[in-house]
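Here is the file data17.tsv (TSV, C-alpha atoms).
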```
chain	number	residue	atom	x	y	z
A	1	ALA	CA	-6.99	48.35	17.46
A	2	VAL	CA	-9.82	48.19	19.98
A	3	ASP	CA	-9.85	45.59	22.74
A	4	ILE	CA	-13.24	44.04	23.49
A	5	PRO	CA	-13.21	42.50	26.98
A	6	HIS	CA	-14.27	38.86	27.00
A	7	LYS	CA	-13.67	37.57	30.53
A	8	SER	CA	-17.28	38.26	31.58
A	9	CYS	CA	-18.59	36.77	28.31
A	10	ASP	CA	-20.61	39.87	27.43
A	11	HIS	CA	-22.73	39.06	24.40
A	12	VAL	CA	-22.06	40.81	21.07
A	13	LEU	CA	-24.60	42.05	18.52
A	14	ALA	CA	-23.40	43.30	15.10
A	15	ILE	CA	-25.78	45.69	13.30
A	16	ALA	CA	-25.41	46.68	9.65
A	17	LEU	CA	-27.03	46.95	6.25
A	18	PRO	CA	-26.87	43.84	4.03
A	19	ARG	CA	-23.41	42.93	2.71
A	20	ARG	CA	-21.55	45.34	4.94
A	21	GLY	CA	-19.44	42.69	6.68
A	22	LYS	CA	-21.31	41.99	9.93
A	23	ASP	CA	-21.07	38.20	9.58
A	24	SER	CA	-17.41	38.38	8.57
A	25	THR	CA	-16.83	40.56	11.63
A	26	LEU	CA	-18.45	37.93	13.87
A	27	ALA	CA	-16.39	35.16	12.24
A	28	SER	CA	-13.24	37.19	12.90
A	29	LEU	CA	-14.24	37.72	16.53
A	30	GLY	CA	-14.96	34.03	16.92
A	31	MET	CA	-11.63	33.12	15.34
A	32	ASN	CA	-9.83	35.45	17.74
A	33	LEU	CA	-11.62	33.96	20.77
A	34	LYS	CA	-10.78	30.48	19.51
A	35	ASN	CA	-7.13	31.06	18.59
A	36	GLU	CA	-6.08	33.56	21.25
A	37	HIS	CA	-8.30	32.64	24.21
A	38	GLN	CA	-9.02	28.90	23.63
A	39	TYR	CA	-12.79	29.26	23.24
A	40	SER	CA	-14.70	26.53	21.46
A	41	TYR	CA	-16.36	28.20	18.45
A	42	PHE	CA	-19.85	27.12	17.39
A	43	SER	CA	-21.71	28.41	14.35
A	44	VAL	CA	-25.32	27.29	14.72
A	45	PHE	CA	-27.30	29.30	12.19
A	46	ASP	CA	-26.35	30.57	8.73
A	47	ASP	CA	-29.87	31.63	7.56
A	48	GLY	CA	-29.86	28.97	4.85
A	49	ARG	CA	-27.07	30.25	2.61
A	50	MET	CA	-24.73	27.27	3.08
A	51	GLU	CA	-21.89	29.64	3.95
A	52	THR	CA	-21.04	28.35	7.40
A	53	PRO	CA	-19.32	25.19	6.13
A	54	MET	CA	-16.68	27.55	4.75
A	55	LEU	CA	-17.45	30.21	7.39
A	56	ALA	CA	-17.20	32.76	4.58
A	57	VAL	CA	-13.66	33.82	5.47
A	58	PRO	CA	-11.98	34.37	3.04
A	59	SER	CA	-14.69	36.31	1.21
A	60	ASP	CA	-14.85	37.18	-2.47
A	61	ASP	CA	-16.49	40.54	-1.67
A	62	GLU	CA	-14.44	43.28	-3.35
A	63	GLY	CA	-14.99	45.73	-0.49
A	64	ILE	CA	-13.80	43.23	2.12
A	65	GLN	CA	-10.77	42.34	0.00
A	66	GLN	CA	-9.91	46.04	-0.30
A	67	SER	CA	-10.27	46.60	3.45
A	68	LEU	CA	-8.00	43.62	4.17
A	69	ALA	CA	-5.41	45.03	1.78
A	70	GLU	CA	-5.55	48.45	3.44
A	71	MET	CA	-4.99	46.88	6.84
A	72	GLY	CA	-2.19	44.67	5.58
A	73	GLN	CA	-4.12	41.47	6.24
A	74	GLU	CA	-4.82	38.39	4.15
A	75	PRO	CA	-7.91	36.18	4.15
A	76	GLU	CA	-7.74	33.35	6.65
A	77	ALA	CA	-9.95	30.27	6.59
A	78	MET	CA	-11.07	28.40	9.70
A	79	ASP	CA	-10.78	24.65	10.11
A	80	ALA	CA	-14.29	23.39	10.82
A	81	GLU	CA	-16.20	20.19	11.50
A	82	VAL	CA	-19.72	20.39	10.11
A	83	PHE	CA	-22.44	18.47	11.96
A	84	VAL	CA	-25.43	17.37	9.88
A	85	PRO	CA	-28.59	15.85	11.45
A	86	ARG	CA	-28.74	12.23	10.30
A	87	MET	CA	-32.15	12.49	8.67
A	88	SER	CA	-33.78	11.84	5.35
A	89	GLY	CA	-32.55	14.30	2.74
A	90	VAL	CA	-28.89	14.07	3.68
A	91	PRO	CA	-26.80	13.05	0.62
A	92	ASP	CA	-25.14	9.65	0.64
A	93	GLN	CA	-21.77	11.30	0.04
A	94	LEU	CA	-20.64	14.30	2.07
A	95	PRO	CA	-17.35	16.25	2.24
A	96	ALA	CA	-14.73	14.77	4.52
A	97	ASN	CA	-15.32	17.31	7.30
A	98	PHE	CA	-19.11	16.70	7.41
A	99	ARG	CA	-20.31	14.42	10.21
A	100	PRO	CA	-23.90	13.07	10.45
A	101	PHE	CA	-25.10	12.97	14.05
A	102	THR	CA	-27.98	11.77	16.21
A	103	ILE	CA	-29.02	12.69	19.76
A	104	SER	CA	-29.21	9.94	22.35
A	105	ILE	CA	-32.21	9.60	24.64
A	106	ALA	CA	-29.63	9.31	27.44
A	107	ASP	CA	-28.81	13.01	26.90
A	108	LEU	CA	-32.44	14.08	27.13
A	109	THR	CA	-34.06	15.43	30.28
A	110	PRO	CA	-37.79	15.66	31.02
A	111	GLN	CA	-37.63	19.36	30.15
A	112	LEU	CA	-35.93	18.65	26.80
A	113	ILE	CA	-38.45	15.95	25.92
A	114	LEU	CA	-41.28	18.39	26.55
A	115	ARG	CA	-39.52	21.04	24.45
A	116	LEU	CA	-39.42	18.59	21.53
A	117	ALA	CA	-43.20	18.90	21.50
A	118	GLY	CA	-43.03	22.69	21.77
A	119	ILE	CA	-44.08	22.65	25.42
A	120	THR	CA	-42.15	25.16	27.52
A	121	LYS	CA	-44.47	25.22	30.53
A	122	SER	CA	-45.31	22.06	32.43
A	123	ASP	CA	-46.16	21.00	35.93
A	124	ALA	CA	-44.07	18.85	38.21
A	125	ASN	CA	-46.40	15.92	37.64
A	126	ALA	CA	-45.69	15.78	33.88
A	127	GLU	CA	-41.93	16.04	34.40
A	128	SER	CA	-42.08	13.37	37.11
A	129	ARG	CA	-43.85	10.95	34.76
A	130	ILE	CA	-41.36	11.59	31.98
A	131	LYS	CA	-38.44	11.10	34.36
A	132	ARG	CA	-39.92	7.81	35.51
A	133	ALA	CA	-40.35	6.62	31.91
A	134	LEU	CA	-36.84	7.77	30.98
A	135	ASP	CA	-35.16	6.21	34.04
A	136	GLU	CA	-36.96	2.89	33.59
A	137	THR	CA	-36.01	2.76	29.92
A	138	LEU	CA	-32.34	3.57	30.49
A	139	ASP	CA	-32.03	1.25	33.50
A	140	ALA	CA	-33.40	-1.60	31.40
A	141	GLY	CA	-31.05	-0.81	28.52
A	142	GLY	CA	-34.06	0.06	26.39
A	143	ASP	CA	-34.32	1.90	23.11
A	144	VAL	CA	-36.36	4.82	21.76
A	145	SER	CA	-39.41	2.69	20.98
A	146	GLN	CA	-39.58	1.48	24.58
A	147	LEU	CA	-39.33	5.05	25.86
A	148	VAL	CA	-42.15	6.12	23.55
A	149	THR	CA	-44.29	3.20	24.75
A	150	ARG	CA	-43.71	4.09	28.41
A	151	LEU	CA	-44.54	7.75	27.76
A	152	GLN	CA	-47.78	6.71	26.08
A	153	ILE	CA	-48.67	4.49	29.05
A	154	TYR	CA	-47.90	7.20	31.62
A	155	ALA	CA	-49.84	9.74	29.55
A	156	GLU	CA	-53.04	7.81	30.25
A	157	GLU	CA	-55.03	7.98	33.46
A	158	THR	CA	-53.34	5.47	35.71
A	159	GLU	CA	-52.87	4.42	39.29
A	160	ALA	CA	-49.51	5.15	40.88
A	161	THR	CA	-47.96	3.79	44.05
A	162	ILE	CA	-45.23	5.54	46.00
A	163	GLN	CA	-43.16	3.98	48.74
A	164	TRP	CA	-41.05	5.58	51.46
A	165	THR	CA	-39.31	4.67	54.71
A	166	GLU	CA	-39.19	6.42	58.07
A	167	ILE	CA	-37.08	5.87	61.15
A	168	GLU	CA	-39.23	5.62	64.26
A	169	GLU	CA	-37.96	5.77	67.83
A	170	ARG	CA	-38.76	2.78	70.05
A	171	GLN	CA	-37.85	2.02	73.62
A	172	ALA	CA	-35.68	-0.85	72.43
A	173	GLY	CA	-34.07	1.26	69.70
A	174	ASN	CA	-34.93	2.76	66.32
A	175	ASP	CA	-37.00	0.85	63.81
A	176	VAL	CA	-37.31	1.48	60.08
A	177	GLU	CA	-40.89	1.41	58.88
A	178	THR	CA	-41.92	1.23	55.20
A	179	TYR	CA	-45.12	2.85	53.98
A	180	GLN	CA	-47.02	2.90	50.69
A	181	ALA	CA	-49.67	5.18	49.22
A	182	THR	CA	-51.68	4.84	46.04
A	183	TYR	CA	-53.21	7.70	44.06
A	184	GLU	CA	-54.78	8.37	40.66
A	185	MET	CA	-52.80	10.21	37.98
A	186	ARG	CA	-54.98	12.04	35.45
A	187	ALA	CA	-54.36	11.70	31.74
A	188	ASP	CA	-51.75	14.19	30.53
A	189	LYS	CA	-51.89	15.58	26.99
A	190	ALA	CA	-48.36	17.01	27.34
A	191	LEU	CA	-47.00	13.47	27.59
A	192	GLU	CA	-49.08	12.36	24.62
A	193	ASP	CA	-47.64	15.20	22.53
A	194	ALA	CA	-44.11	14.52	23.76
A	195	ALA	CA	-44.40	10.80	22.94
A	196	SER	CA	-45.73	11.55	19.45
A	197	GLN	CA	-42.97	14.05	18.67
A	198	LEU	CA	-40.27	11.76	20.09
A	199	ALA	CA	-41.55	8.92	17.90
A	200	ARG	CA	-41.60	11.23	14.88
A	201	LEU	CA	-38.03	12.45	15.44
A	202	ALA	CA	-36.84	8.88	15.98
A	203	GLY	CA	-38.52	7.91	12.73
A	204	GLU	CA	-36.80	10.83	11.00
A	205	GLY	CA	-33.47	9.60	12.36
A	206	LEU	CA	-32.61	12.45	14.75
A	207	ILE	CA	-33.27	10.78	18.14
A	208	ALA	CA	-31.53	7.45	18.74
A	209	SER	CA	-30.97	4.79	21.38
A	210	PRO	CA	-27.92	5.14	23.69
A	211	SER	CA	-25.98	2.49	21.76
A	212	ALA	CA	-26.07	4.35	18.40
A	213	SER	CA	-22.56	5.08	17.14
A	214	THR	CA	-23.69	8.38	15.57
A	215	ASN	CA	-24.75	9.94	18.89
A	216	ILE	CA	-23.15	13.31	19.51
A	217	ASP	CA	-21.17	13.88	22.71
A	218	MET	CA	-21.54	17.63	23.19
A	219	ALA	CA	-18.99	17.79	25.99
A	220	GLU	CA	-16.43	16.18	23.69
A	221	VAL	CA	-17.30	18.60	20.86
A	222	ILE	CA	-16.69	21.54	23.22
A	223	ARG	CA	-13.47	19.97	24.45
A	224	SER	CA	-12.15	19.56	20.88
A	225	ASN	CA	-11.74	23.29	20.34
A	226	GLU	CA	-9.06	23.02	17.66
A	227	GLN	CA	-11.85	23.11	15.06
A	228	ALA	CA	-14.96	25.22	14.77
A	229	ALA	CA	-18.18	23.23	15.22
A	230	VAL	CA	-20.79	24.08	12.60
A	231	LEU	CA	-24.42	22.98	12.71
A	232	CYS	CA	-25.76	22.56	9.17
A	233	CYS	CA	-29.51	21.95	8.78
A	234	ASN	CA	-29.68	22.87	5.11
A	235	PHE	CA	-30.41	19.36	3.82
A	236	MET	CA	-33.92	19.27	5.26
A	237	GLU	CA	-36.54	17.84	2.92
A	238	PRO	CA	-39.67	19.85	2.08
A	239	GLY	CA	-42.01	19.77	5.04
A	240	GLN	CA	-39.18	19.51	7.57
A	241	GLU	CA	-38.24	23.19	7.71
A	242	ALA	CA	-39.67	23.71	11.21
A	243	LEU	CA	-37.45	20.94	12.56
A	244	LYS	CA	-34.42	23.14	11.90
A	245	TYR	CA	-35.43	25.38	14.81
A	246	THR	CA	-36.13	22.40	17.08
A	247	ILE	CA	-32.63	21.05	16.34
A	248	ILE	CA	-31.01	24.43	17.00
A	249	ASP	CA	-32.91	24.65	20.29
A	250	LEU	CA	-31.69	21.18	21.28
A	251	TRP	CA	-28.10	22.06	20.39
A	252	LEU	CA	-28.15	25.24	22.48
A	253	ARG	CA	-29.64	23.38	25.45
A	254	LEU	CA	-27.09	20.56	25.14
A	255	ILE	CA	-24.23	23.08	25.00
A	256	PHE	CA	-25.48	24.79	28.16
A	257	GLN	CA	-26.06	21.43	29.82
A	258	ALA	CA	-22.47	20.33	29.07
A	259	ARG	CA	-20.92	23.60	30.31
A	260	ASP	CA	-23.12	23.55	33.41
A	261	ALA	CA	-22.11	19.98	34.27
A	262	ASN	CA	-18.39	20.53	33.63
A	263	PRO	CA	-17.15	24.13	34.16
A	264	ARG	CA	-13.61	23.03	33.23
A	265	LEU	CA	-14.58	22.65	29.59
A	266	PRO	CA	-13.40	25.43	27.24
A	267	ARG	CA	-15.51	28.54	27.06
A	268	VAL	CA	-17.97	28.68	24.17
A	269	ALA	CA	-18.56	31.34	21.50
A	270	LEU	CA	-21.90	30.88	19.70
A	271	GLU	CA	-22.35	32.55	16.32
A	272	LEU	CA	-25.94	33.24	15.22
A	273	ARG	CA	-26.46	34.99	11.89
A	274	GLU	CA	-29.57	37.15	11.42
A	275	LEU	CA	-30.81	36.81	14.99
A	276	LYS	CA	-34.24	38.14	14.03
A	277	ASN	CA	-34.93	34.81	12.28
A	278	LEU	CA	-34.45	32.98	15.58
A	279	ALA	CA	-35.73	35.55	18.08
A	280	PRO	CA	-38.14	37.90	16.28
A	281	SER	CA	-39.59	40.88	18.11
A	282	LYS	CA	-43.02	40.32	16.55
A	283	TRP	CA	-44.86	37.15	15.53
A	284	ALA	CA	-46.79	38.69	12.63
A	285	ASP	CA	-45.90	37.00	9.31
A	286	VAL	CA	-43.48	34.62	11.10
A	287	ARG	CA	-43.56	31.02	9.91
A	288	TYR	CA	-43.16	28.05	12.27
A	289	LYS	CA	-44.16	29.96	15.41
A	290	ASP	CA	-44.62	26.75	17.42
A	291	ALA	CA	-41.00	25.74	16.77
A	292	LEU	CA	-39.60	29.25	17.20
A	293	LYS	CA	-41.22	30.07	20.54
A	294	PRO	CA	-39.18	27.49	22.54
A	295	LEU	CA	-36.02	28.56	20.65
A	296	ARG	CA	-36.60	32.24	21.43
A	297	GLN	CA	-37.08	31.31	25.08
A	298	THR	CA	-33.79	29.39	25.03
A	299	LEU	CA	-31.94	32.35	23.51
A	300	PHE	CA	-33.38	34.62	26.20
A	301	PHE	CA	-32.24	32.07	28.80
A	302	LEU	CA	-28.71	32.10	27.32
A	303	SER	CA	-28.66	35.89	27.13
A	304	THR	CA	-29.35	36.05	30.88
A	305	GLN	CA	-27.52	32.98	32.20
A	306	GLY	CA	-25.12	31.95	29.45
A	307	GLY	CA	-22.41	34.34	30.62
A	308	SER	CA	-22.28	32.68	34.05
A	309	ARG	CA	-21.52	29.40	32.26
A	310	ARG	CA	-18.96	31.21	30.07
A	311	ILE	CA	-21.04	31.06	26.89
A	312	VAL	CA	-20.90	34.21	24.76
A	313	LEU	CA	-23.39	34.94	21.96
A	314	LEU	CA	-22.09	36.50	18.72
A	315	ALA	CA	-25.14	37.57	16.73
A	316	SER	CA	-26.00	39.83	13.80
A	317	THR	CA	-29.03	41.72	12.58
A	318	GLN	CA	-29.90	44.39	10.04
A	319	LYS	CA	-32.23	46.25	12.40
A	320	LEU	CA	-31.97	46.36	16.17
A	321	THR	CA	-35.73	46.44	16.77
A	322	ASP	CA	-36.27	43.28	14.70
A	323	VAL	CA	-34.75	41.28	17.58
A	324	TYR	CA	-36.79	40.35	20.67
A	325	LYS	CA	-36.21	43.24	23.09
A	326	PRO	CA	-35.35	41.22	26.26
A	327	ILE	CA	-32.59	39.49	24.26
A	328	ARG	CA	-31.11	42.52	22.49
A	329	SER	CA	-31.12	44.41	25.81
A	330	ASN	CA	-28.88	41.71	27.31
A	331	MET	CA	-26.26	42.04	24.55
A	332	ALA	CA	-23.91	44.52	26.20
A	333	THR	CA	-21.52	44.98	23.27
A	334	LYS	CA	-22.91	46.29	19.98
A	335	ILE	CA	-20.83	46.64	16.82
A	336	MET	CA	-22.31	49.01	14.26
A	337	LEU	CA	-21.03	48.98	10.70
A	338	GLN	CA	-22.72	51.00	7.95
A	339	VAL	CA	-26.43	51.45	8.75
A	340	GLY	CA	-29.25	53.42	7.12
A	341	ASP	CA	-30.55	56.80	8.29
A	342	GLU	CA	-33.71	55.33	9.82
A	343	GLU	CA	-31.72	52.77	11.81
A	344	ILE	CA	-29.31	55.51	12.98
A	345	GLU	CA	-32.25	57.37	14.53
A	346	THR	CA	-33.45	54.16	16.21
A	347	LEU	CA	-29.98	53.50	17.65
A	348	ASP	CA	-29.65	57.14	18.72
A	349	ASP	CA	-32.66	56.78	21.03
A	350	SER	CA	-30.62	54.57	23.36
A	351	MET	CA	-27.01	55.45	22.49
A	352	HIS	CA	-27.25	59.26	22.13
A	353	PHE	CA	-24.76	59.82	19.32
A	354	TYR	CA	-22.89	63.02	18.62
A	355	PRO	CA	-23.69	64.56	15.18
A	356	GLU	CA	-20.32	63.47	13.81
A	357	GLN	CA	-20.94	59.90	14.95
A	358	LYS	CA	-24.24	59.82	13.04
A	359	GLU	CA	-22.43	60.95	9.93
A	360	GLN	CA	-19.76	58.28	10.39
A	361	LEU	CA	-22.36	55.52	10.74
A	362	SER	CA	-23.99	56.42	7.44
A	363	ASN	CA	-20.69	56.74	5.55
A	364	PHE	CA	-18.65	53.80	6.88
A	365	GLU	CA	-16.83	51.77	4.25
A	366	VAL	CA	-16.84	47.98	4.47
A	367	GLY	CA	-14.39	47.07	7.21
A	368	GLN	CA	-15.10	50.18	9.30
A	369	GLY	CA	-17.36	50.29	12.34
A	370	MET	CA	-18.18	51.66	15.78
A	371	ILE	CA	-18.25	49.71	19.04
A	372	HIS	CA	-20.71	50.52	21.83
A	373	ALA	CA	-19.96	48.75	25.11
A	374	HIS	CA	-21.15	49.60	28.61
A	375	GLY	CA	-22.32	53.07	27.55
A	376	ASP	CA	-19.13	54.02	25.69
A	377	GLN	CA	-18.47	54.20	21.93
```
Translate this structure into structure tokens?
Amino acid sequence: AVDIPHKSCDHVLAIALPRRGKDSTLASLGMNLKNEHQYSYFSVFDDGRMETPMLAVPSDDEGIQQSLAEMGQEPEAMDAEVFVPRMSGVPDQLPANFRPFTISIADLTPQLILRLAGITKSDANAESRIKRALDETLDAGGDVSQLVTRLQIYAEETEATIQWTEIEERQAGNDVETYQATYEMRADKALEDAASQLARLAGEGLIASPSASTNIDMAEVIRSNEQAAVLCCNFMEPGQEALKYTIIDLWLRLIFQARDANPRLPRVALELRELKNLAPSKWADVRYKDALKPLRQTLFFLSTQGGSRRIVLLASTQKLTDVYKPIRSNMATKIMLQVGDEEIETLDDSMHFYPEQKEQLSNFEVGQGMIHAHGDQ
């Protein structure tokens, strides 16, 4: 057996040809982190195959069954709670472990609201306006429609007044003086876009008012680490496919937000199958670029700062260079199962294999692999 250190939450990338066990390997790693080290296990992307509700362990693949038999192991399933966005397209009847969810506006930040509209760069003025609209809505016990209305108002050119106090020294003592200043705020298209997208997602059923009973409490999901938490976006209706990536982006941000706010929550293991579909290295022939760009930025953010919040990424890909380079470079542990000759040469450029190691990589049976961590394999 090989021990993979986990205390520093070094991210893991599994590389292999199709149907060579990379996703089963990640599920096994996640199960070990969950059962032996009390991580909370999240599976957030299954590339549309509807396997994550079962987490594909046990598998009916003959090669995997044979490898398990050779190692004296038996298939083991993982207890999971499957979270389904409460949107049109979701069946009226779902399995008992499926839970429709919404996201409360109380859990949104100005940055998240802008990301809903695909805006990853904004100035302080836009975020300040959104914060003002959000705070006023929540303080008044308002709902989504009121937040949208306020965003639309603050998106227009308007006059704003700020007020502040200063303590001034007097001979008879200190006095508190109050001052006001008025200035013009230019119209802001970012707020218009954010308001439109927020209204659309509320209409679809994803974003809800704080009082909605279906709102997800991400801190509580992390805390309940007895079950795996699975995000299932496979019930999207035609025309909603791009929303899948927006929802994944929101989930990842909410997970980070919860761990950042409460470091005493369990550590988190995030499984992401076929990482190239979420963080491609090239945009040519990629659908839904506008939705994927914020998600790729979030994954880069997690690859650089997730470890400090004790969030470890468990990802898979068929080809290393298909994954956005700044992300794959931050995944310190790489697990290589059987790969093709061309991919071996690509991997050799950075890992400098011995001739016998190259031969092993091309001839591995299902269940066999090589680990590269911190320059060693």
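Residue nearest A:Lys325 within the list A:Ala242, A:Ala279, A:Ala106, A:Leu302: A:Ala279 [criterion: smallest interatomic distance, only C-alpha atoms].
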Need the shell around stretch 97-105 of chain A: protein/DNA/RNA residues with any atom at most 6 Å away, counting all atoms listed in the file. Skip same-chain ones fewer than 3 positions apart. Format as a PDB file with C-alpha atoms, in the frame of the given file?
```pdb
ATOM      1  CA  GLU A  81     -16.200  20.190  11.500  1.00  0.00           C
ATOM      2  CA  VAL A  82     -19.720  20.390  10.110  1.00  0.00           C
ATOM      3  CA  PHE A  83     -22.440  18.470  11.960  1.00  0.00           C
ATOM      4  CA  VAL A  84     -25.430  17.370   9.880  1.00  0.00           C
ATOM      5  CA  PRO A  85     -28.590  15.850  11.450  1.00  0.00           C
ATOM      6  CA  ARG A  86     -28.740  12.230  10.300  1.00  0.00           C
ATOM      7  CA  LEU A 108     -32.440  14.080  27.130  1.00  0.00           C
ATOM      8  CA  LEU A 206     -32.610  12.450  14.750  1.00  0.00           C
ATOM      9  CA  ILE A 207     -33.270  10.780  18.140  1.00  0.00           C
ATOM     10  CA  ALA A 208     -31.530   7.450  18.740  1.00  0.00           C
ATOM     11  CA  SER A 209     -30.970   4.790  21.380  1.00  0.00           C
ATOM     12  CA  PRO A 210     -27.920   5.140  23.690  1.00  0.00           C
ATOM     13  CA  THR A 214     -23.690   8.380  15.570  1.00  0.00           C
ATOM     14  CA  ASN A 215     -24.750   9.940  18.890  1.00  0.00           C
ATOM     15  CA  ILE A 216     -23.150  13.310  19.510  1.00  0.00           C
TER      16      ILE A 216
END
```
Atom CA of A:Asp135 and atom CA of A:Leu299 are how many Å apart?
28.4 Å
Which residue, A:Asn234, A:Gln111, A:Gln357, A:Thr246, has the smallest gap to A:Val90 when you use all atoms listed in the file?
A:Asn234
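Ranking A:Gln240, A:Ser88, A:Gln66, A:Thr109 by their shortest atom-to-atom distance to A:Glu204, with all atoms listed in the file included, puts A:Ser88 first.
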